>>> print(open('upload27.cif').read())   # mmCIF, C-alpha atoms (C1' of nucleotides)
data_start
loop_
_atom_site.group_PDB
_atom_site.id
_atom_site.type_symbol
_atom_site.label_atom_id
_atom_site.label_comp_id
_atom_site.auth_asym_id
_atom_site.auth_seq_id
_atom_site.Cartn_x
_atom_site.Cartn_y
_atom_site.Cartn_z
ATOM 1 C CA MET X 115 21.959 -2.065 -3.567
ATOM 2 C CA ARG X 116 25.202 -0.708 -2.194
ATOM 3 C CA TYR X 117 25.712 0.186 1.445
ATOM 4 C CA SER X 118 25.262 3.785 2.516
ATOM 5 C CA HIS X 119 25.562 5.410 5.905
ATOM 6 C CA GLN X 120 22.485 7.543 5.186
ATOM 7 C CA ARG X 121 20.302 4.558 4.357
ATOM 8 C CA GLU X 122 21.473 2.667 7.419
ATOM 9 C CA GLU X 123 20.540 5.559 9.712
ATOM 10 C CA ILE X 124 17.196 6.096 7.983
ATOM 11 C CA LEU X 125 16.261 2.443 8.373
ATOM 12 C CA LYS X 126 17.366 2.449 12.006
ATOM 13 C CA ILE X 127 15.244 5.531 12.717
ATOM 14 C CA VAL X 128 12.103 4.198 11.040
ATOM 15 C CA GLN X 129 12.506 0.863 12.805
ATOM 16 C CA SER X 130 12.970 2.498 16.171
ATOM 17 C CA THR X 131 9.597 4.232 16.334
ATOM 18 C CA ARG X 132 5.963 3.260 16.226
ATOM 19 C CA CYS X 133 4.765 6.789 15.411
ATOM 20 C CA HIS X 134 4.351 6.190 11.638
ATOM 21 C CA PRO X 135 6.622 9.080 10.725
ATOM 22 C CA THR X 136 6.499 11.279 7.635
ATOM 23 C CA ALA X 137 9.576 11.895 5.475
ATOM 24 C CA ASP X 138 10.003 15.258 7.192
ATOM 25 C CA TRP X 139 10.083 13.739 10.651
ATOM 26 C CA VAL X 140 12.656 11.199 9.506
ATOM 27 C CA TYR X 141 14.656 14.019 7.898
ATOM 28 C CA ASP X 142 14.786 15.914 11.198
ATOM 29 C CA GLU X 143 15.927 12.790 13.026
ATOM 30 C CA VAL X 144 18.607 11.894 10.482
ATOM 31 C CA ARG X 145 20.001 15.405 10.633
ATOM 32 C CA LYS X 146 20.738 14.898 14.325
ATOM 33 C CA VAL X 147 23.208 12.195 13.263
ATOM 34 C CA ILE X 148 24.189 13.331 9.744
ATOM 35 C CA PRO X 149 23.684 17.112 9.800
ATOM 36 C CA ASN X 150 24.199 17.731 6.091
ATOM 37 C CA VAL X 151 21.866 15.004 4.824
ATOM 38 C CA SER X 152 19.388 16.218 2.218
ATOM 39 C CA LEU X 153 15.646 15.734 2.074
ATOM 40 C CA GLY X 154 15.959 14.226 -1.408
ATOM 41 C CA THR X 155 18.219 11.520 -0.021
ATOM 42 C CA VAL X 156 15.704 10.771 2.703
ATOM 43 C CA TYR X 157 12.905 10.364 0.143
ATOM 44 C CA ARG X 158 15.063 8.268 -2.191
ATOM 45 C CA ASN X 159 16.070 5.928 0.596
ATOM 46 C CA LEU X 160 12.580 5.639 2.050
ATOM 47 C CA ASN X 161 11.343 4.622 -1.403
ATOM 48 C CA GLN X 162 14.118 2.075 -1.762
ATOM 49 C CA LEU X 163 13.421 0.633 1.662
ATOM 50 C CA VAL X 164 9.760 0.292 0.739
ATOM 51 C CA ASN X 165 10.626 -1.410 -2.557
ATOM 52 C CA THR X 166 12.954 -3.852 -0.829
ATOM 53 C CA ASN X 167 10.288 -4.618 1.746
ATOM 54 C CA ASN X 168 12.250 -3.331 4.683
ATOM 55 C CA ILE X 169 9.547 -0.850 5.651
ATOM 56 C CA ASN X 170 5.960 -0.110 4.659
ATOM 57 C CA ALA X 171 4.348 3.047 3.318
ATOM 58 C CA LEU X 172 0.850 4.069 4.224
ATOM 59 C CA ASN X 173 -0.978 7.083 2.991
ATOM 60 C CA ASP X 174 -2.532 9.582 5.271
ATOM 61 C CA GLY X 175 -4.356 12.065 3.090
ATOM 62 C CA PRO X 176 -1.812 13.740 0.875
ATOM 63 C CA VAL X 177 1.190 12.637 2.934
ATOM 64 C CA ILE X 178 3.050 9.340 3.003
ATOM 65 C CA ARG X 179 3.809 7.817 6.378
ATOM 66 C CA TYR X 180 6.366 5.092 6.937
ATOM 67 C CA ASP X 181 6.181 2.084 9.195
ATOM 68 C CA GLY X 182 9.077 -0.097 10.266
ATOM 69 C CA PHE X 183 6.853 -2.633 11.962
ATOM 70 C CA MET X 184 6.456 -5.320 9.339
ATOM 71 C CA GLU X 185 3.928 -7.719 10.827
ATOM 72 C CA MET X 186 0.559 -7.425 9.039
ATOM 73 C CA HIS X 187 -1.578 -5.015 11.007
ATOM 74 C CA ASP X 188 -4.150 -2.284 10.615
ATOM 75 C CA HIS X 189 -4.298 1.352 11.639
ATOM 76 C CA PHE X 190 -6.639 3.529 13.586
ATOM 77 C CA LYS X 191 -6.441 7.301 13.305
ATOM 78 C CA CYS X 192 -7.943 9.518 15.967
ATOM 79 C CA LYS X 193 -10.005 12.309 14.425
ATOM 80 C CA LYS X 194 -9.155 14.585 17.325
ATOM 81 C CA CYS X 195 -5.421 14.210 17.937
ATOM 82 C CA ASP X 196 -4.470 12.631 14.581
ATOM 83 C CA THR X 197 -2.445 9.930 16.286
ATOM 84 C CA ILE X 198 -2.213 6.720 14.285
ATOM 85 C CA TYR X 199 -2.424 3.611 16.434
ATOM 86 C CA ASP X 200 -1.553 0.088 15.411
ATOM 87 C CA ILE X 201 -4.387 -2.400 15.503
ATOM 88 C CA ASP X 202 -3.726 -6.100 15.601
ATOM 89 C CA HIS X 203 -6.143 -7.940 13.415
ATOM 90 C CA HIS X 204 -6.731 -11.311 11.861
ATOM 91 C CA SER X 205 -5.236 -10.303 8.567
ATOM 92 C CA MET X 206 -5.166 -13.690 6.999
ATOM 93 C CA ASN X 207 -8.754 -14.295 7.937
ATOM 94 C CA ILE X 208 -9.879 -11.142 6.179
ATOM 95 C CA ILE X 209 -7.989 -12.007 3.018
ATOM 96 C CA TYR X 210 -9.215 -15.571 3.096
ATOM 97 C CA GLU X 211 -12.804 -14.516 3.684
ATOM 98 C CA LEU X 212 -12.710 -11.893 0.973
ATOM 99 C CA ASN X 213 -11.102 -14.176 -1.558
ATOM 100 C CA GLN X 214 -14.071 -16.479 -0.980
ATOM 101 C CA ASN X 215 -16.557 -13.690 -1.623
ATOM 102 C CA THR X 216 -15.144 -11.978 -4.705
ATOM 103 C CA ASN X 217 -13.795 -12.974 -8.106
ATOM 104 C CA HIS X 218 -10.602 -11.043 -7.529
ATOM 105 C CA THR X 219 -7.325 -12.350 -6.106
ATOM 106 C CA ILE X 220 -6.564 -10.223 -3.081
ATOM 107 C CA SER X 221 -2.896 -10.170 -2.174
ATOM 108 C CA ASN X 222 -2.840 -7.425 0.411
ATOM 109 C CA TYR X 223 -4.971 -4.773 1.999
ATOM 110 C CA SER X 224 -4.949 -1.813 4.303
ATOM 111 C CA LEU X 225 -7.720 -1.186 6.754
ATOM 112 C CA ASN X 226 -7.830 2.378 7.948
ATOM 113 C CA LEU X 227 -10.081 3.103 10.852
ATOM 114 C CA GLU X 228 -11.123 6.471 12.192
ATOM 115 C CA GLY X 229 -12.734 7.587 15.371
ATOM 116 C CA ILE X 230 -11.873 8.930 18.800
ATOM 117 C CA CYS X 231 -8.991 7.270 20.595
ATOM 118 C CA CYS X 232 -8.925 6.087 24.184
ATOM 119 C CA ASP X 233 -6.839 9.108 25.261
ATOM 120 C CA CYS X 234 -9.256 11.608 23.721
ATOM 121 C CA VAL X 235 -12.550 10.016 24.660
ATOM 122 C CA GLU X 236 -12.600 11.462 28.181
ATOM 123 C CA THR X 237 -12.350 15.054 27.065
ATOM 124 C CA THR X 238 -14.278 15.174 23.813
ATOM 125 C CA ASN X 239 -17.839 15.859 22.924
ATOM 126 C CA ASN X 240 -17.222 15.453 19.217
ATOM 127 C CA MET V 237 -25.194 26.822 0.749
ATOM 128 C CA ARG V 238 -26.607 28.664 -2.226
ATOM 129 C CA TYR V 239 -27.597 27.015 -5.482
ATOM 130 C CA SER V 240 -25.083 26.975 -8.317
ATOM 131 C CA HIS V 241 -25.334 25.479 -11.763
ATOM 132 C CA GLN V 242 -21.705 24.271 -11.540
ATOM 133 C CA ARG V 243 -22.280 22.394 -8.298
ATOM 134 C CA GLU V 244 -25.446 20.780 -9.601
ATOM 135 C CA GLU V 245 -23.654 19.462 -12.682
ATOM 136 C CA ILE V 246 -20.663 18.266 -10.657
ATOM 137 C CA LEU V 247 -22.881 16.334 -8.275
ATOM 138 C CA LYS V 248 -24.859 14.843 -11.152
ATOM 139 C CA ILE V 249 -21.645 13.705 -12.853
ATOM 140 C CA VAL V 250 -20.133 12.109 -9.746
ATOM 141 C CA GLN V 251 -23.408 10.384 -8.971
ATOM 142 C CA SER V 252 -23.735 9.024 -12.485
ATOM 143 C CA THR V 253 -20.547 6.957 -12.504
ATOM 144 C CA ARG V 254 -19.043 4.095 -10.525
ATOM 145 C CA CYS V 255 -15.515 4.735 -11.797
ATOM 146 C CA HIS V 256 -14.312 6.650 -8.688
ATOM 147 C CA PRO V 257 -13.251 9.682 -10.703
ATOM 148 C CA THR V 258 -10.474 12.146 -9.958
ATOM 149 C CA ALA V 259 -11.055 15.915 -9.954
ATOM 150 C CA ASP V 260 -9.515 16.065 -13.422
ATOM 151 C CA TRP V 261 -11.910 13.536 -14.844
ATOM 152 C CA VAL V 262 -14.848 15.423 -13.352
ATOM 153 C CA TYR V 263 -13.410 18.661 -14.739
ATOM 154 C CA ASP V 264 -13.337 17.206 -18.265
ATOM 155 C CA GLU V 265 -16.919 16.015 -17.922
ATOM 156 C CA VAL V 266 -18.224 19.318 -16.556
ATOM 157 C CA ARG V 267 -16.570 21.200 -19.392
ATOM 158 C CA LYS V 268 -18.718 19.296 -21.842
ATOM 159 C CA VAL V 269 -21.724 21.007 -20.273
ATOM 160 C CA ILE V 270 -20.199 24.232 -18.908
ATOM 161 C CA PRO V 271 -17.206 24.886 -21.187
ATOM 162 C CA ASN V 272 -15.709 27.762 -19.206
ATOM 163 C CA VAL V 273 -15.841 26.107 -15.779
ATOM 164 C CA SER V 274 -12.549 26.289 -13.899
ATOM 165 C CA LEU V 275 -10.635 23.521 -12.187
ATOM 166 C CA GLY V 276 -10.614 25.520 -8.948
ATOM 167 C CA THR V 277 -14.398 25.560 -8.954
ATOM 168 C CA VAL V 278 -14.464 21.807 -9.470
ATOM 169 C CA TYR V 279 -12.181 21.277 -6.471
ATOM 170 C CA ARG V 280 -14.109 23.735 -4.295
ATOM 171 C CA ASN V 281 -17.411 22.066 -5.086
ATOM 172 C CA LEU V 282 -16.091 18.525 -4.675
ATOM 173 C CA ASN V 283 -14.840 19.536 -1.228
ATOM 174 C CA GLN V 284 -18.177 21.071 -0.353
ATOM 175 C CA LEU V 285 -20.057 18.003 -1.531
ATOM 176 C CA VAL V 286 -17.796 15.831 0.610
ATOM 177 C CA ASN V 287 -18.335 18.081 3.646
ATOM 178 C CA THR V 288 -22.092 18.009 3.202
ATOM 179 C CA ASN V 289 -21.998 14.234 2.865
ATOM 180 C CA ASN V 290 -23.314 14.152 -0.659
ATOM 181 C CA ILE V 291 -20.284 12.278 -1.952
ATOM 182 C CA ASN V 292 -17.265 10.489 -0.467
ATOM 183 C CA ALA V 293 -13.558 11.024 -0.987
ATOM 184 C CA LEU V 294 -11.092 8.205 -1.023
ATOM 185 C CA ASN V 295 -7.390 8.499 -1.448
ATOM 186 C CA ASP V 296 -5.507 6.630 -4.055
ATOM 187 C CA GLY V 297 -1.845 7.384 -3.507
ATOM 188 C CA PRO V 298 -1.336 11.100 -3.994
ATOM 189 C CA VAL V 299 -4.663 11.666 -5.746
ATOM 190 C CA ILE V 300 -8.136 12.034 -4.324
ATOM 191 C CA ARG V 301 -10.908 10.026 -5.934
ATOM 192 C CA TYR V 302 -14.583 10.774 -5.485
ATOM 193 C CA ASP V 303 -17.463 8.397 -5.055
ATOM 194 C CA GLY V 304 -21.141 9.206 -5.410
ATOM 195 C CA PHE V 305 -22.270 5.821 -4.171
ATOM 196 C CA MET V 306 -23.014 6.432 -0.503
ATOM 197 C CA GLU V 307 -23.781 2.998 0.903
ATOM 198 C CA MET V 308 -20.936 1.761 3.131
ATOM 199 C CA HIS V 309 -18.641 -0.344 1.009
ATOM 200 C CA ASP V 310 -15.006 -1.210 0.460
ATOM 201 C CA HIS V 311 -12.673 -0.957 -2.502
ATOM 202 C CA PHE V 312 -10.422 -3.306 -4.384
ATOM 203 C CA LYS V 313 -7.724 -1.926 -6.670
ATOM 204 C CA CYS V 314 -6.209 -4.103 -9.356
ATOM 205 C CA LYS V 315 -2.405 -3.854 -9.341
ATOM 206 C CA LYS V 316 -2.327 -4.440 -13.080
ATOM 207 C CA CYS V 317 -5.046 -2.258 -14.588
ATOM 208 C CA ASP V 318 -5.518 0.145 -11.635
ATOM 209 C CA THR V 319 -9.284 -0.221 -11.811
ATOM 210 C CA ILE V 320 -11.003 0.348 -8.490
ATOM 211 C CA TYR V 321 -13.891 -2.027 -7.891
ATOM 212 C CA ASP V 322 -16.576 -1.716 -5.267
ATOM 213 C CA ILE V 323 -16.712 -4.510 -2.713
ATOM 214 C CA ASP V 324 -19.794 -5.102 -0.646
ATOM 215 C CA HIS V 325 -18.881 -5.961 2.882
ATOM 216 C CA HIS V 326 -20.365 -6.396 6.310
ATOM 217 C CA SER V 327 -19.384 -2.917 7.393
ATOM 218 C CA MET V 328 -21.283 -2.876 10.615
ATOM 219 C CA ASN V 329 -19.870 -6.219 11.620
ATOM 220 C CA ILE V 330 -16.328 -4.995 11.199
ATOM 221 C CA ILE V 331 -16.955 -1.877 13.242
ATOM 222 C CA TYR V 332 -18.789 -3.815 15.904
ATOM 223 C CA GLU V 333 -16.108 -6.452 16.129
ATOM 224 C CA LEU V 334 -13.324 -3.904 16.239
ATOM 225 C CA ASN V 335 -15.034 -1.786 18.859
ATOM 226 C CA GLN V 336 -15.094 -4.900 21.010
ATOM 227 C CA ASN V 337 -11.371 -5.514 20.561
ATOM 228 C CA THR V 338 -9.911 -2.037 21.060
ATOM 229 C CA ASN V 339 -10.219 0.821 23.514
ATOM 230 C CA HIS V 340 -10.982 3.277 20.744
ATOM 231 C CA THR V 341 -14.364 4.375 19.421
ATOM 232 C CA ILE V 342 -14.380 3.560 15.757
ATOM 233 C CA SER V 343 -16.838 5.629 13.775
ATOM 234 C CA ASN V 344 -15.821 4.786 10.244
ATOM 235 C CA TYR V 345 -13.203 2.961 8.248
ATOM 236 C CA SER V 346 -11.903 2.356 4.799
ATOM 237 C CA LEU V 347 -10.709 -1.025 3.712
ATOM 238 C CA ASN V 348 -8.495 -0.888 0.665
ATOM 239 C CA LEU V 349 -7.699 -4.142 -0.993
ATOM 240 C CA GLU V 350 -5.128 -4.824 -3.693
ATOM 241 C CA GLY V 351 -4.518 -7.716 -5.987
ATOM 242 C CA ILE V 352 -5.307 -8.898 -9.487
ATOM 243 C CA CYS V 353 -8.847 -8.441 -10.674
ATOM 244 C CA CYS V 354 -11.055 -11.008 -12.366
ATOM 245 C CA ASP V 355 -10.501 -9.372 -15.773
ATOM 246 C CA CYS V 356 -6.700 -9.423 -15.480
ATOM 247 C CA VAL V 357 -6.208 -12.821 -13.885
ATOM 248 C CA GLU V 358 -6.352 -14.715 -17.197
ATOM 249 C CA THR V 359 -3.503 -12.838 -18.807
ATOM 250 C CA THR V 360 -1.137 -12.102 -15.956
ATOM 251 C CA ASN V 361 1.791 -13.925 -14.487
ATOM 252 C CA ASN V 362 2.496 -11.241 -11.951
ATOM 253 C "C1'" DG F 287 37.887 2.369 -12.001
ATOM 254 C "C1'" DT F 288 33.131 2.196 -12.245
ATOM 255 C "C1'" DA F 289 28.733 2.605 -10.844
ATOM 256 C "C1'" DT F 290 25.689 3.821 -7.293
ATOM 257 C "C1'" DA F 291 24.580 7.343 -3.721
ATOM 258 C "C1'" DT F 292 24.656 12.014 -2.388
ATOM 259 C "C1'" DG F 293 23.578 17.216 -1.812
ATOM 260 C "C1'" DC F 294 21.541 20.765 -3.873
ATOM 261 C "C1'" DA F 295 18.152 23.072 -6.276
ATOM 262 C "C1'" DA F 296 14.892 23.111 -9.704
ATOM 263 C "C1'" DA F 297 10.824 20.690 -11.465
ATOM 264 C "C1'" DC F 298 6.504 18.465 -10.798
ATOM 265 C "C1'" DA F 299 1.700 17.239 -9.792
ATOM 266 C "C1'" DA F 300 -2.247 17.712 -7.132
ATOM 267 C "C1'" DT F 301 -4.674 20.813 -4.625
ATOM 268 C "C1'" DT F 302 -5.691 25.304 -2.479
ATOM 269 C "C1'" DT F 303 -6.229 30.213 -2.251
ATOM 270 C "C1'" DG F 304 -6.575 35.517 -3.205
ATOM 271 C "C1'" DC F 305 -8.919 38.596 -5.773
ATOM 272 C "C1'" DA F 306 -12.047 41.063 -8.690
ATOM 273 C "C1'" DC F 307 -16.262 40.166 -10.867
ATOM 274 C "C1'" DG F 308 -20.865 37.751 -11.473
ATOM 275 C "C1'" DC F 309 -25.098 35.815 -10.107
ATOM 276 C "C1'" DC F 310 -28.449 33.751 -6.686
ATOM 277 C "C1'" DT F 311 -31.851 35.111 -3.384
ATOM 278 C "C1'" DA K 157 -28.377 45.146 -2.265
ATOM 279 C "C1'" DG K 158 -25.593 41.896 -0.097
ATOM 280 C "C1'" DG K 159 -22.937 37.995 -0.001
ATOM 281 C "C1'" DC K 160 -21.777 33.547 -1.691
ATOM 282 C "C1'" DG K 161 -19.864 31.377 -5.952
ATOM 283 C "C1'" DT K 162 -16.945 31.847 -9.946
ATOM 284 C "C1'" DG K 163 -12.856 32.175 -13.239
ATOM 285 C "C1'" DC K 164 -8.327 33.004 -13.401
ATOM 286 C "C1'" DA K 165 -3.763 32.661 -12.022
ATOM 287 C "C1'" DA K 166 -0.498 32.456 -8.562
ATOM 288 C "C1'" DA K 167 0.779 30.060 -4.356
ATOM 289 C "C1'" DT K 168 1.392 26.007 -1.603
ATOM 290 C "C1'" DT K 169 2.574 21.312 -0.290
ATOM 291 C "C1'" DG K 170 4.572 16.948 -0.686
ATOM 292 C "C1'" DT K 171 7.456 14.472 -3.544
ATOM 293 C "C1'" DT K 172 10.586 13.561 -7.457
ATOM 294 C "C1'" DT K 173 14.409 14.396 -10.511
ATOM 295 C "C1'" DG K 174 18.770 16.236 -13.066
ATOM 296 C "C1'" DC K 175 23.268 17.056 -12.411
ATOM 297 C "C1'" DA K 176 27.898 17.338 -10.755
ATOM 298 C "C1'" DT K 177 30.506 15.440 -7.005
ATOM 299 C "C1'" DA K 178 31.577 11.851 -3.514
ATOM 300 C "C1'" DT K 179 31.936 7.170 -1.986
ATOM 301 C "C1'" DA K 180 31.471 1.972 -1.823
ATOM 302 C "C1'" DC K 181 33.355 -1.985 -3.635
#
>>> encode(input="upload27.cif", output="structure tokens")
Amino acid sequence: MRYSHQREEILKIVQSTRCHPTADWVYDEVRKVIPNVSLGTVYRNLNQLVNTNNINALNDGPVIRYDGFMEMHDHFKCKKCDTIYDIDHHSMNIIYELNQNTNHTISNYSLNLEGICCDCVETTNN
Amino acid sequence: MRYSHQREEILKIVQSTRCHPTADWVYDEVRKVIPNVSLGTVYRNLNQLVNTNNINALNDGPVIRYDGFMEMHDHFKCKKCDTIYDIDHHSMNIIYELNQNTNHTISNYSLNLEGICCDCVETTNN
DNA sequence: GTATATGCAAACAATTTGCACGCCT
DNA sequence: AGGCGTGCAAATTGTTTGCATATAC
């Protein structure tokens, strides 16, 4: 994989946030630095960065979100404000425990939690 | 919600399988019984059945899969054959434990596991 | 110099929606 | 009779891809 200015900026942007951005959000950010970048380039580079294990992809309904934080962790999505929070969890324990209980060989997982977040709980009745 | 023959057949079909079908698969099955059914109708009814808690939706990359088995359970997807298996798990324990460890109110979750399934493990070196 | 990366726009795939007509109640 | 459900086709959304040009090495 050859160096490219676009890819460098895209990686830097994804690594600099914990907001689990979409390709569109990344596109808007990259354009602040490289105004004529194209959305196709953003998608191509995000896919490459996922394949080379520099970032992670997680799906959120029909859209793909990207995550530059590479320690194993889970996610919690607030049903009210749609924010996705990181949740620290005993990843290896889950995989170990599940490998004990099934015939399959589990190599990775994603745990997606939903509910009402701590910021929304005060004001909601849902 | 008024009765419709289409919706009844769609529900029956989703409830009769454990293969986590896509809308397209359901569409093909419904056509065997109601040949002139439309794909739009299948999608509309699947969405209604999800909203009325008769079936569940789970996302598998860009596609939505449907599940007529309503007990809380998790899923394991084989990286080789793409089969999605049901995994029984201590759902309430996870939610309880996680509610203890976070400030959020977790109401539901989906745990998606990946790896090599028991049928593929013999023949794979991946 | 050569191959990979880019910008652009068109293609794609899954899902949703608008509309006129049909069928449940 | 009235309104929800349908079939059909077009629209929408998120993502991918083909192609000619630009750039890294």
>>> resolve_selection(input="upload27.cif", expression="the PyMOL selection byres ((chain F) within 10 of (chain V))", output="mmCIF file with C-alpha atoms (C1' of nucleotides), keeping the file's coordinate frame")
data_model
loop_
_atom_site.group_PDB
_atom_site.id
_atom_site.type_symbol
_atom_site.label_atom_id
_atom_site.label_comp_id
_atom_site.auth_asym_id
_atom_site.auth_seq_id
_atom_site.Cartn_x
_atom_site.Cartn_y
_atom_site.Cartn_z
ATOM 1 C "C1'" DA F 299 1.700 17.239 -9.792
ATOM 2 C "C1'" DA F 300 -2.247 17.712 -7.132
ATOM 3 C "C1'" DT F 301 -4.674 20.813 -4.625
ATOM 4 C "C1'" DT F 302 -5.691 25.304 -2.479
ATOM 5 C "C1'" DT F 303 -6.229 30.213 -2.251
ATOM 6 C "C1'" DC F 309 -25.098 35.815 -10.107
ATOM 7 C "C1'" DC F 310 -28.449 33.751 -6.686
ATOM 8 C "C1'" DT F 311 -31.851 35.111 -3.384
#
>>> resolve_selection(input="upload27.cif", expression="the PyMOL selection byres ((chain V) within 8 of (chain K))", output="PDB file with C-alpha atoms, keeping the file's coordinate frame")
ATOM      1  CA  MET V 237     -25.194  26.822   0.749  1.00  0.00           C
ATOM      2  CA  ARG V 238     -26.607  28.664  -2.226  1.00  0.00           C
ATOM      3  CA  SER V 240     -25.083  26.975  -8.317  1.00  0.00           C
ATOM      4  CA  ASN V 272     -15.709  27.762 -19.206  1.00  0.00           C
ATOM      5  CA  VAL V 273     -15.841  26.107 -15.779  1.00  0.00           C
ATOM      6  CA  SER V 274     -12.549  26.289 -13.899  1.00  0.00           C
ATOM      7  CA  THR V 277     -14.398  25.560  -8.954  1.00  0.00           C
TER       8      THR V 277
END
>>> resolve_selection(input="upload27.cif", expression="the PyMOL selection byres ((chain X) within 6 of (chain V))", output="list in words")
Pro176, Asn217, His218, Thr219, Ile220, Ser221, Asn222, Tyr223, Ser224, Leu225, Asn226, Leu227, Glu228, Gly229, Ile230, Cys231 and Cys232 of chain X
>>> atom_distance(input="upload27.cif", atom1="CA of Val262 (chain V)", atom2="C1' of DA306 (chain F)")
26.2 Å
>>> atom_distance(input="upload27.cif", atom1="C1' of DC294 (chain F)", atom2="CA of Gly182 (chain X)")
28.1 Å
>>> atom_distance(input="upload27.cif", atom1="CA of Glu265 (chain V)", atom2="CA of Lys248 (chain V)")
10.5 Å
>>> closest_residue(input="upload27.cif", among="X:Lys194, X:Asp142, X:His187, X:Gln129", to="Glu236 (chain X)", atoms="only C-alpha atoms")
X:Lys194
>>> axis_aligned_box(input="upload27.cif", around="region 168-174 of chain X", padding_each_side="8 Å", output="lines of an AutoDock Vina configuration file")
center_x = 4.9
center_y = 3.1
center_z = 4.3
size_x = 30.8
size_y = 28.9
size_z = 18.7
